[in-house]
file structure_30.cif (mmCIF, C-alpha atoms)
data_query
#
loop_
_atom_site.group_PDB
_atom_site.id
_atom_site.type_symbol
_atom_site.label_atom_id
_atom_site.label_comp_id
_atom_site.auth_asym_id
_atom_site.auth_seq_id
_atom_site.Cartn_x
_atom_site.Cartn_y
_atom_site.Cartn_z
ATOM 1 C CA MET A 1 121.808 98.966 130.517
ATOM 2 C CA GLN A 2 119.572 96.500 132.364
ATOM 3 C CA ARG A 3 116.201 96.073 130.676
ATOM 4 C CA THR A 4 113.200 94.096 131.742
ATOM 5 C CA LYS A 5 111.905 91.353 129.493
ATOM 6 C CA ALA A 6 109.484 92.829 126.962
ATOM 7 C CA PRO A 7 106.029 91.451 126.321
ATOM 8 C CA LYS A 8 105.388 89.472 123.147
ATOM 9 C CA HIS A 9 104.934 92.023 120.375
ATOM 10 C CA VAL A 10 103.569 91.278 116.913
ATOM 11 C CA ILE A 11 105.519 92.743 114.016
ATOM 12 C CA GLN A 12 103.991 91.944 110.651
ATOM 13 C CA THR A 13 106.020 92.562 107.493
ATOM 14 C CA PHE A 14 104.397 92.965 104.097
ATOM 15 C CA ASP A 15 106.720 93.010 101.090
ATOM 16 C CA GLU A 16 105.447 94.572 97.869
ATOM 17 C CA THR A 17 108.771 94.808 96.073
ATOM 18 C CA GLU A 18 109.659 93.076 92.802
ATOM 19 C CA ASN A 19 112.637 91.435 94.485
ATOM 20 C CA PRO A 20 111.241 90.223 97.821
ATOM 21 C CA LEU A 21 113.257 90.634 100.971
ATOM 22 C CA GLY A 22 115.047 87.626 102.308
ATOM 23 C CA SER A 23 114.115 85.993 105.593
ATOM 24 C CA GLY A 24 117.137 87.694 107.169
ATOM 25 C CA ASP A 25 115.631 91.096 106.379
ATOM 26 C CA ALA A 26 112.314 90.145 108.008
ATOM 27 C CA ILE A 27 114.238 88.990 111.080
ATOM 28 C CA LEU A 28 116.191 92.271 111.111
ATOM 29 C CA ILE A 29 112.957 94.281 110.914
ATOM 30 C CA THR A 30 111.444 92.351 113.814
ATOM 31 C CA LYS A 31 114.637 92.726 115.855
ATOM 32 C CA ALA A 32 114.848 96.491 115.205
ATOM 33 C CA VAL A 33 111.225 97.116 116.211
ATOM 34 C CA THR A 34 111.588 94.916 119.279
ATOM 35 C CA GLU A 35 114.790 96.707 120.347
ATOM 36 C CA VAL A 36 113.009 100.083 120.210
ATOM 37 C CA LEU A 37 110.056 98.804 122.230
ATOM 38 C CA GLN A 38 112.412 97.336 124.845
ATOM 39 C CA TYR A 39 114.561 100.472 124.915
ATOM 40 C CA GLU A 40 111.453 102.577 125.468
ATOM 41 C CA LYS A 41 110.147 100.142 128.118
ATOM 42 C CA VAL A 42 106.875 99.398 126.336
ATOM 43 C CA ASP A 43 105.177 97.180 128.887
ATOM 44 C CA ILE A 44 102.196 95.734 126.995
ATOM 45 C CA PRO A 45 102.090 93.669 123.790
ATOM 46 C CA CYS A 46 101.806 95.855 120.700
ATOM 47 C CA ASN A 47 101.279 95.295 116.996
ATOM 48 C CA ILE A 48 103.169 97.174 114.302
ATOM 49 C CA ASN A 49 102.735 96.588 110.582
ATOM 50 C CA VAL A 50 105.761 97.163 108.346
ATOM 51 C CA GLN A 51 105.217 97.475 104.613
ATOM 52 C CA ILE A 52 108.223 97.293 102.298
ATOM 53 C CA THR A 53 107.584 98.915 98.942
ATOM 54 C CA GLY A 54 109.313 100.904 96.199
ATOM 55 C CA ASP A 55 109.698 104.592 95.420
ATOM 56 C CA LYS A 56 106.620 104.713 93.182
ATOM 57 C CA LYS A 57 104.238 103.408 95.872
ATOM 58 C CA ILE A 58 105.745 105.408 98.734
ATOM 59 C CA ARG A 59 105.504 108.531 96.578
ATOM 60 C CA GLU A 60 101.787 107.814 96.185
ATOM 61 C CA TYR A 61 101.398 107.429 99.977
ATOM 62 C CA ASN A 62 103.423 110.587 100.587
ATOM 63 C CA ARG A 63 101.228 112.529 98.155
ATOM 64 C CA ASN A 64 97.953 111.150 99.533
ATOM 65 C CA PHE A 65 98.723 111.435 103.248
ATOM 66 C CA ARG A 66 101.209 114.311 103.501
ATOM 67 C CA GLY A 67 100.526 116.330 100.349
ATOM 68 C CA MET A 68 104.141 115.897 99.203
ATOM 69 C CA ASP A 69 104.464 114.597 95.649
ATOM 70 C CA LYS A 70 107.857 112.921 95.974
ATOM 71 C CA ALA A 71 109.329 109.625 97.062
ATOM 72 C CA THR A 72 110.700 109.372 100.582
ATOM 73 C CA ASP A 73 112.555 106.700 102.501
ATOM 74 C CA VAL A 74 110.039 105.981 105.274
ATOM 75 C CA LEU A 75 106.583 106.980 106.464
ATOM 76 C CA SER A 76 105.076 106.410 109.902
ATOM 77 C CA PHE A 77 101.378 106.233 110.670
ATOM 78 C CA PRO A 78 100.879 106.256 114.478
ATOM 79 C CA LEU A 79 97.488 105.086 115.723
ATOM 80 C CA GLN A 80 97.804 106.441 119.250
ATOM 81 C CA GLU A 81 97.554 109.896 120.799
ATOM 82 C CA PHE A 82 100.414 111.300 122.870
ATOM 83 C CA THR A 83 100.588 114.083 125.431
ATOM 84 C CA GLY A 84 104.391 114.117 125.116
ATOM 85 C CA VAL A 85 107.021 111.878 123.589
ATOM 86 C CA GLY A 86 107.710 108.290 124.514
ATOM 87 C CA TRP A 87 105.736 105.399 125.888
ATOM 88 C CA ALA A 88 105.113 107.128 129.219
ATOM 89 C CA PHE A 89 103.065 109.787 127.435
ATOM 90 C CA ILE A 90 100.824 107.567 125.332
ATOM 91 C CA ASP A 91 97.116 108.064 125.996
ATOM 92 C CA LYS A 92 96.249 104.539 127.113
ATOM 93 C CA SER A 93 92.597 105.476 127.684
ATOM 94 C CA GLY A 94 91.974 104.696 124.011
ATOM 95 C CA PHE A 95 93.300 101.144 124.318
ATOM 96 C CA ASP A 96 90.892 98.298 123.775
ATOM 97 C CA VAL A 97 90.832 96.567 127.157
ATOM 98 C CA ASN A 98 89.366 93.446 125.515
ATOM 99 C CA SER A 99 92.364 93.103 123.215
ATOM 100 C CA ASP A 100 95.545 91.293 124.147
ATOM 101 C CA ILE A 101 97.572 93.383 121.690
ATOM 102 C CA GLN A 102 97.433 97.127 121.144
ATOM 103 C CA GLN A 103 97.861 98.612 117.657
ATOM 104 C CA LEU A 104 100.704 101.144 117.588
ATOM 105 C CA GLY A 105 100.633 101.929 113.890
ATOM 106 C CA ASP A 106 102.094 101.278 110.470
ATOM 107 C CA ILE A 107 105.487 101.829 108.887
ATOM 108 C CA VAL A 108 106.086 102.045 105.138
ATOM 109 C CA ILE A 109 109.649 101.830 103.820
ATOM 110 C CA SER A 110 110.927 102.225 100.286
ATOM 111 C CA ALA A 111 113.522 99.503 99.737
ATOM 112 C CA GLU A 112 114.743 101.487 96.702
ATOM 113 C CA SER A 113 115.407 104.599 98.790
ATOM 114 C CA ALA A 114 117.005 102.538 101.560
ATOM 115 C CA LYS A 115 119.423 100.975 99.053
ATOM 116 C CA LYS A 116 120.287 104.369 97.531
ATOM 117 C CA GLN A 117 120.883 105.888 100.970
ATOM 118 C CA ALA A 118 123.011 102.953 102.062
ATOM 119 C CA ALA A 119 125.307 103.577 99.096
ATOM 120 C CA GLU A 120 125.251 107.346 99.639
ATOM 121 C CA TYR A 121 126.138 107.087 103.336
ATOM 122 C CA GLU A 122 128.483 104.133 102.780
ATOM 123 C CA ASN A 123 126.394 101.891 105.033
ATOM 124 C CA SER A 124 125.258 98.354 104.465
ATOM 125 C CA TYR A 125 121.669 97.900 103.327
ATOM 126 C CA GLU A 126 120.985 96.088 106.620
ATOM 127 C CA TYR A 127 122.241 99.058 108.633
ATOM 128 C CA GLU A 128 120.133 101.499 106.624
ATOM 129 C CA LEU A 129 117.020 99.304 106.875
ATOM 130 C CA ALA A 130 117.454 98.975 110.659
ATOM 131 C CA TYR A 131 118.074 102.725 110.980
ATOM 132 C CA LEU A 132 114.847 103.532 109.117
ATOM 133 C CA ILE A 133 112.829 100.979 111.114
ATOM 134 C CA ILE A 134 114.142 102.324 114.427
ATOM 135 C CA HIS A 135 113.523 105.927 113.379
ATOM 136 C CA SER A 136 109.991 105.143 112.261
ATOM 137 C CA THR A 137 109.164 103.085 115.360
ATOM 138 C CA LEU A 138 110.216 106.058 117.484
ATOM 139 C CA HIS A 139 107.691 108.126 115.501
ATOM 140 C CA LEU A 140 105.014 105.570 116.421
ATOM 141 C CA LEU A 141 105.908 106.305 120.046
ATOM 142 C CA GLY A 142 105.356 110.027 119.605
ATOM 143 C CA TYR A 143 108.893 111.214 118.869
ATOM 144 C CA ILE A 144 109.213 113.931 116.244
ATOM 145 C CA HIS A 145 112.088 115.920 114.774
ATOM 146 C CA ASP A 146 110.484 119.242 113.932
ATOM 147 C CA ASP A 147 113.250 121.273 115.567
ATOM 148 C CA GLU A 148 116.963 120.905 116.265
ATOM 149 C CA GLU A 149 116.591 119.719 119.871
ATOM 150 C CA ARG A 150 114.020 117.033 119.038
ATOM 151 C CA GLU A 151 116.073 115.925 116.060
ATOM 152 C CA LYS A 152 119.105 115.439 118.341
ATOM 153 C CA ILE A 153 116.999 113.332 120.738
ATOM 154 C CA MET A 154 115.710 111.083 117.945
ATOM 155 C CA HIS A 155 119.143 110.752 116.373
ATOM 156 C CA SER A 156 120.732 109.894 119.720
ATOM 157 C CA LYS A 157 118.102 107.273 120.543
ATOM 158 C CA THR A 158 118.401 105.762 117.065
ATOM 159 C CA LYS A 159 122.198 105.536 117.348
ATOM 160 C CA ASN A 160 121.991 104.017 120.847
ATOM 161 C CA ILE A 161 119.576 101.338 119.662
ATOM 162 C CA ILE A 162 121.685 100.596 116.567
ATOM 163 C CA ARG A 163 124.700 100.244 118.859
ATOM 164 C CA GLU A 164 122.794 97.794 121.058
ATOM 165 C CA MET A 165 121.927 95.783 117.961
ATOM 166 C CA GLU A 166 125.666 95.693 117.196
ATOM 167 C CA LEU A 167 125.165 96.866 113.600
ATOM 168 C CA LYS A 168 128.059 98.526 111.826
#
call {"tool": "encode", "arguments": {"input": "structure_30.cif", "output": "structure tokens"}}
result
Amino acid sequence: MQRTKAPKHVIQTFDETENPLGSGDAILITKAVTEVLQYEKVDIPCNINVQITGDKKIREYNRNFRGMDKATDVLSFPLQEFTGVGWAFIDKSGFDVNSDIQQLGDIVISAESAKKQAAEYENSYEYELAYLIIHSTLHLLGYIHDDEEREKIMHSKTKNIIREMELK
């Protein structure tokens, strides 16, 4: 698939784990987010914050923001309003025209859950981390999986992007 060159996005990674991620993981996170934004043809520079934490902290976030008192693998906090799914449906009227970079939102990932899931699904940790980042970035672009059809769309997009990243 021919894609146009994407604008310069800012992906900031914050690691709160006891065993910090290596530089390769930070590069993988940036690559995964960038691949989604290119795949979705995001045409202006955007900022996404990615926080890597453990099960205890993500459980706290899940309880505080979603009312679910359990750990989860990933949480997405979109900052934009959508009239549909995908970049084409983002309400750009709320963008700060004086800013060079638009805030898309925040992603929080539990490294503990990602490692457990990698073992459970017989994936590498890198594959699982990329999968969760891609999935969550799609949420920041308005995609949801609240029914079977929408879940298929998100799963298909995630798999296509993983394939383009050449992860096994």
call {"tool": "resolve_selection", "arguments": {"input": "structure_30.cif", "expression": "the PyMOL selection byres ((chain A and resi 109-123) around 12)", "output": "PyMOL selection string"}}
result
chain A and resi 13-21+25+29+49-62+70-77+106-108+124-137+167-168
call {"tool": "write_last_selection", "arguments": {"input": "structure_30.cif", "atoms": "C-alpha atoms", "output": "tab-separated table (two decimals), in the frame of the given file"}}
result
chain	number	residue	atom	x	y	z
A	13	THR	CA	106.02	92.56	107.49
A	14	PHE	CA	104.40	92.96	104.10
A	15	ASP	CA	106.72	93.01	101.09
A	16	GLU	CA	105.45	94.57	97.87
A	17	THR	CA	108.77	94.81	96.07
A	18	GLU	CA	109.66	93.08	92.80
A	19	ASN	CA	112.64	91.44	94.48
A	20	PRO	CA	111.24	90.22	97.82
A	21	LEU	CA	113.26	90.63	100.97
A	25	ASP	CA	115.63	91.10	106.38
A	29	ILE	CA	112.96	94.28	110.91
A	49	ASN	CA	102.74	96.59	110.58
A	50	VAL	CA	105.76	97.16	108.35
A	51	GLN	CA	105.22	97.48	104.61
A	52	ILE	CA	108.22	97.29	102.30
A	53	THR	CA	107.58	98.92	98.94
A	54	GLY	CA	109.31	100.90	96.20
A	55	ASP	CA	109.70	104.59	95.42
A	56	LYS	CA	106.62	104.71	93.18
A	57	LYS	CA	104.24	103.41	95.87
A	58	ILE	CA	105.74	105.41	98.73
A	59	ARG	CA	105.50	108.53	96.58
A	60	GLU	CA	101.79	107.81	96.18
A	61	TYR	CA	101.40	107.43	99.98
A	62	ASN	CA	103.42	110.59	100.59
A	70	LYS	CA	107.86	112.92	95.97
A	71	ALA	CA	109.33	109.62	97.06
A	72	THR	CA	110.70	109.37	100.58
A	73	ASP	CA	112.56	106.70	102.50
A	74	VAL	CA	110.04	105.98	105.27
A	75	LEU	CA	106.58	106.98	106.46
A	76	SER	CA	105.08	106.41	109.90
A	77	PHE	CA	101.38	106.23	110.67
A	106	ASP	CA	102.09	101.28	110.47
A	107	ILE	CA	105.49	101.83	108.89
A	108	VAL	CA	106.09	102.04	105.14
A	124	SER	CA	125.26	98.35	104.46
A	125	TYR	CA	121.67	97.90	103.33
A	126	GLU	CA	120.98	96.09	106.62
A	127	TYR	CA	122.24	99.06	108.63
A	128	GLU	CA	120.13	101.50	106.62
A	129	LEU	CA	117.02	99.30	106.88
A	130	ALA	CA	117.45	98.98	110.66
A	131	TYR	CA	118.07	102.72	110.98
A	132	LEU	CA	114.85	103.53	109.12
A	133	ILE	CA	112.83	100.98	111.11
A	134	ILE	CA	114.14	102.32	114.43
A	135	HIS	CA	113.52	105.93	113.38
A	136	SER	CA	109.99	105.14	112.26
A	137	THR	CA	109.16	103.08	115.36
A	167	LEU	CA	125.16	96.87	113.60
A	168	LYS	CA	128.06	98.53	111.83
call {"tool": "axis_aligned_box", "arguments": {"input": "structure_30.cif", "around": "region 71-76 of chain A", "padding_each_side": "3 Å", "output": "JSON"}}
result
{"center_x": 108.8, "center_y": 107.8, "center_z": 103.5, "size_x": 13.5, "size_y": 9.6, "size_z": 18.8}
call {"tool": "resolve_selection", "arguments": {"input": "structure_30.cif", "expression": "the PyMOL selection byres ((chain A and resi 103) around 9)", "output": "JSON, numbers by chain"}}
result
{"A": [45, 46, 47, 48, 49, 78, 79, 80, 95, 101, 102, 104, 105, 106]}
call {"tool": "atom_distance", "arguments": {"input": "structure_30.cif", "atom1": "CA of Glu40 (chain A)", "atom2": "CA of Lys157 (chain A)"}}
result
9.5 Å
call {"tool": "residues_around", "arguments": {"input": "structure_30.cif", "residues": "Tyr143 (chain A)", "least_positions_apart": "6", "cutoff": "8 Å", "atoms": "all atoms listed in the file", "output": "CSV table (one decimal) with C-alpha atoms, in the frame of the given file"}}
result
chain,number,residue,atom,x,y,z
A,85,VAL,CA,107.0,111.9,123.6
A,86,GLY,CA,107.7,108.3,124.5
A,150,ARG,CA,114.0,117.0,119.0
A,154,MET,CA,115.7,111.1,117.9
call {"tool": "atom_distance", "arguments": {"input": "structure_30.cif", "atom1": "CA of Ser99 (chain A)", "atom2": "CA of His139 (chain A)"}}
result
22.8 Å
call {"tool": "atom_distance", "arguments": {"input": "structure_30.cif", "atom1": "CA of Gly67 (chain A)", "atom2": "CA of Gln12 (chain A)"}}
result
26.7 Å
call {"tool": "closest_residue", "arguments": {"input": "structure_30.cif", "among": "A:Asp100, A:Asp69, A:Asp146, A:Glu81", "to": "His9 (chain A)", "atoms": "all atoms listed in the file"}}
result
A:Asp100
call {"tool": "closest_residue", "arguments": {"input": "structure_30.cif", "among": "A:Ile161, A:Glu151, A:Leu140, A:Ala26", "to": "Tyr39 (chain A)", "atoms": "only C-alpha atoms"}}
result
A:Ile161
call {"tool": "decode", "arguments": {"input": "structure_30.cif", "residues": "region 100-112 of chain A", "atoms": "all heavy atoms", "output": "PDB file, in the first residue's frame"}}
result
ATOM      1  N   ASP A 100       1.478  23.808  17.059  1.00  0.00           N
ATOM      2  CA  ASP A 100       2.034  23.040  15.945  1.00  0.00           C
ATOM      3  C   ASP A 100       1.696  21.562  16.060  1.00  0.00           C
ATOM      4  O   ASP A 100       1.739  20.829  15.084  1.00  0.00           O
ATOM      5  CB  ASP A 100       3.556  23.187  15.903  1.00  0.00           C
ATOM      6  CG  ASP A 100       3.977  24.588  15.500  1.00  0.00           C
ATOM      7  OD1 ASP A 100       3.188  25.285  14.835  1.00  0.00           O
ATOM      8  OD2 ASP A 100       5.093  24.995  15.860  1.00  0.00           O
ATOM      9  N   ILE A 101       1.365  21.120  17.272  1.00  0.00           N
ATOM     10  CA  ILE A 101       1.106  19.700  17.526  1.00  0.00           C
ATOM     11  C   ILE A 101      -0.211  19.560  18.275  1.00  0.00           C
ATOM     12  O   ILE A 101      -0.451  20.244  19.260  1.00  0.00           O
ATOM     13  CB  ILE A 101       2.249  19.081  18.351  1.00  0.00           C
ATOM     14  CG1 ILE A 101       3.567  19.168  17.583  1.00  0.00           C
ATOM     15  CG2 ILE A 101       1.933  17.638  18.710  1.00  0.00           C
ATOM     16  CD1 ILE A 101       4.764  18.679  18.347  1.00  0.00           C
ATOM     17  N   GLN A 102      -1.053  18.668  17.808  1.00  0.00           N
ATOM     18  CA  GLN A 102      -2.340  18.432  18.444  1.00  0.00           C
ATOM     19  C   GLN A 102      -2.256  17.239  19.397  1.00  0.00           C
ATOM     20  O   GLN A 102      -1.663  16.217  19.061  1.00  0.00           O
ATOM     21  CB  GLN A 102      -3.418  18.183  17.388  1.00  0.00           C
ATOM     22  CG  GLN A 102      -3.643  19.359  16.476  1.00  0.00           C
ATOM     23  CD  GLN A 102      -4.008  20.630  17.231  1.00  0.00           C
ATOM     24  OE1 GLN A 102      -4.737  20.590  18.203  1.00  0.00           O
ATOM     25  NE2 GLN A 102      -3.476  21.749  16.787  1.00  0.00           N
ATOM     26  N   GLN A 103      -2.853  17.374  20.562  1.00  0.00           N
ATOM     27  CA  GLN A 103      -2.876  16.303  21.562  1.00  0.00           C
ATOM     28  C   GLN A 103      -3.948  15.286  21.187  1.00  0.00           C
ATOM     29  O   GLN A 103      -5.110  15.644  21.077  1.00  0.00           O
ATOM     30  CB  GLN A 103      -3.183  16.882  22.948  1.00  0.00           C
ATOM     31  CG  GLN A 103      -2.232  17.969  23.397  1.00  0.00           C
ATOM     32  CD  GLN A 103      -0.811  17.487  23.535  1.00  0.00           C
ATOM     33  OE1 GLN A 103      -0.558  16.396  24.037  1.00  0.00           O
ATOM     34  NE2 GLN A 103       0.136  18.272  23.067  1.00  0.00           N
ATOM     35  N   LEU A 104      -3.549  14.036  20.984  1.00  0.00           N
ATOM     36  CA  LEU A 104      -4.535  12.989  20.689  1.00  0.00           C
ATOM     37  C   LEU A 104      -4.997  12.284  21.954  1.00  0.00           C
ATOM     38  O   LEU A 104      -6.146  11.892  22.057  1.00  0.00           O
ATOM     39  CB  LEU A 104      -3.975  11.953  19.726  1.00  0.00           C
ATOM     40  CG  LEU A 104      -4.103  12.242  18.259  1.00  0.00           C
ATOM     41  CD1 LEU A 104      -3.679  11.048  17.422  1.00  0.00           C
ATOM     42  CD2 LEU A 104      -5.502  12.660  17.871  1.00  0.00           C
ATOM     43  N   GLY A 105      -4.097  12.098  22.904  1.00  0.00           N
ATOM     44  CA  GLY A 105      -4.489  11.440  24.137  1.00  0.00           C
ATOM     45  C   GLY A 105      -3.348  10.672  24.774  1.00  0.00           C
ATOM     46  O   GLY A 105      -2.189  10.803  24.387  1.00  0.00           O
ATOM     47  N   ASP A 106      -3.728   9.869  25.762  1.00  0.00           N
ATOM     48  CA  ASP A 106      -2.764   9.111  26.556  1.00  0.00           C
ATOM     49  C   ASP A 106      -3.068   7.621  26.488  1.00  0.00           C
ATOM     50  O   ASP A 106      -4.229   7.214  26.392  1.00  0.00           O
ATOM     51  CB  ASP A 106      -2.823   9.548  28.024  1.00  0.00           C
ATOM     52  CG  ASP A 106      -2.495  11.022  28.208  1.00  0.00           C
ATOM     53  OD1 ASP A 106      -1.608  11.525  27.490  1.00  0.00           O
ATOM     54  OD2 ASP A 106      -3.119  11.660  29.068  1.00  0.00           O
ATOM     55  N   ILE A 107      -2.004   6.844  26.580  1.00  0.00           N
ATOM     56  CA  ILE A 107      -2.088   5.387  26.628  1.00  0.00           C
ATOM     57  C   ILE A 107      -1.365   4.943  27.891  1.00  0.00           C
ATOM     58  O   ILE A 107      -0.276   5.433  28.192  1.00  0.00           O
ATOM     59  CB  ILE A 107      -1.408   4.752  25.396  1.00  0.00           C
ATOM     60  CG1 ILE A 107      -2.135   5.141  24.107  1.00  0.00           C
ATOM     61  CG2 ILE A 107      -1.300   3.240  25.545  1.00  0.00           C
ATOM     62  CD1 ILE A 107      -1.392   4.766  22.834  1.00  0.00           C
ATOM     63  N   VAL A 108      -1.972   4.014  28.626  1.00  0.00           N
ATOM     64  CA  VAL A 108      -1.325   3.414  29.789  1.00  0.00           C
ATOM     65  C   VAL A 108      -1.299   1.910  29.569  1.00  0.00           C
ATOM     66  O   VAL A 108      -2.333   1.302  29.284  1.00  0.00           O
ATOM     67  CB  VAL A 108      -2.073   3.744  31.106  1.00  0.00           C
ATOM     68  CG1 VAL A 108      -1.353   3.121  32.296  1.00  0.00           C
ATOM     69  CG2 VAL A 108      -2.225   5.245  31.292  1.00  0.00           C
ATOM     70  N   ILE A 109      -0.108   1.327  29.685  1.00  0.00           N
ATOM     71  CA  ILE A 109       0.058  -0.116  29.475  1.00  0.00           C
ATOM     72  C   ILE A 109       0.685  -0.742  30.711  1.00  0.00           C
ATOM     73  O   ILE A 109       1.643  -0.192  31.263  1.00  0.00           O
ATOM     74  CB  ILE A 109       0.946  -0.398  28.251  1.00  0.00           C
ATOM     75  CG1 ILE A 109       0.201  -0.021  26.985  1.00  0.00           C
ATOM     76  CG2 ILE A 109       1.398  -1.848  28.202  1.00  0.00           C
ATOM     77  CD1 ILE A 109       0.883  -0.372  25.716  1.00  0.00           C
ATOM     78  N   SER A 110       0.155  -1.884  31.110  1.00  0.00           N
ATOM     79  CA  SER A 110       0.776  -2.660  32.175  1.00  0.00           C
ATOM     80  C   SER A 110       1.786  -3.611  31.547  1.00  0.00           C
ATOM     81  O   SER A 110       1.409  -4.539  30.816  1.00  0.00           O
ATOM     82  CB  SER A 110      -0.270  -3.461  32.955  1.00  0.00           C
ATOM     83  OG  SER A 110       0.389  -4.388  33.800  1.00  0.00           O
ATOM     84  N   ALA A 111       3.070  -3.376  31.835  1.00  0.00           N
ATOM     85  CA  ALA A 111       4.114  -4.266  31.325  1.00  0.00           C
ATOM     86  C   ALA A 111       3.929  -5.675  31.886  1.00  0.00           C
ATOM     87  O   ALA A 111       4.167  -6.663  31.187  1.00  0.00           O
ATOM     88  CB  ALA A 111       5.496  -3.721  31.679  1.00  0.00           C
ATOM     89  N   GLU A 112       3.461  -5.765  33.149  1.00  0.00           N
ATOM     90  CA  GLU A 112       3.209  -7.080  33.753  1.00  0.00           C
ATOM     91  C   GLU A 112       2.167  -7.857  32.955  1.00  0.00           C
ATOM     92  O   GLU A 112       2.357  -9.033  32.643  1.00  0.00           O
ATOM     93  CB  GLU A 112       2.703  -6.932  35.186  1.00  0.00           C
ATOM     94  CG  GLU A 112       3.755  -6.550  36.194  1.00  0.00           C
ATOM     95  CD  GLU A 112       3.138  -6.377  37.575  1.00  0.00           C
ATOM     96  OE1 GLU A 112       2.721  -7.401  38.171  1.00  0.00           O
ATOM     97  OE2 GLU A 112       3.063  -5.225  38.033  1.00  0.00           O
TER      98      GLU A 112
END
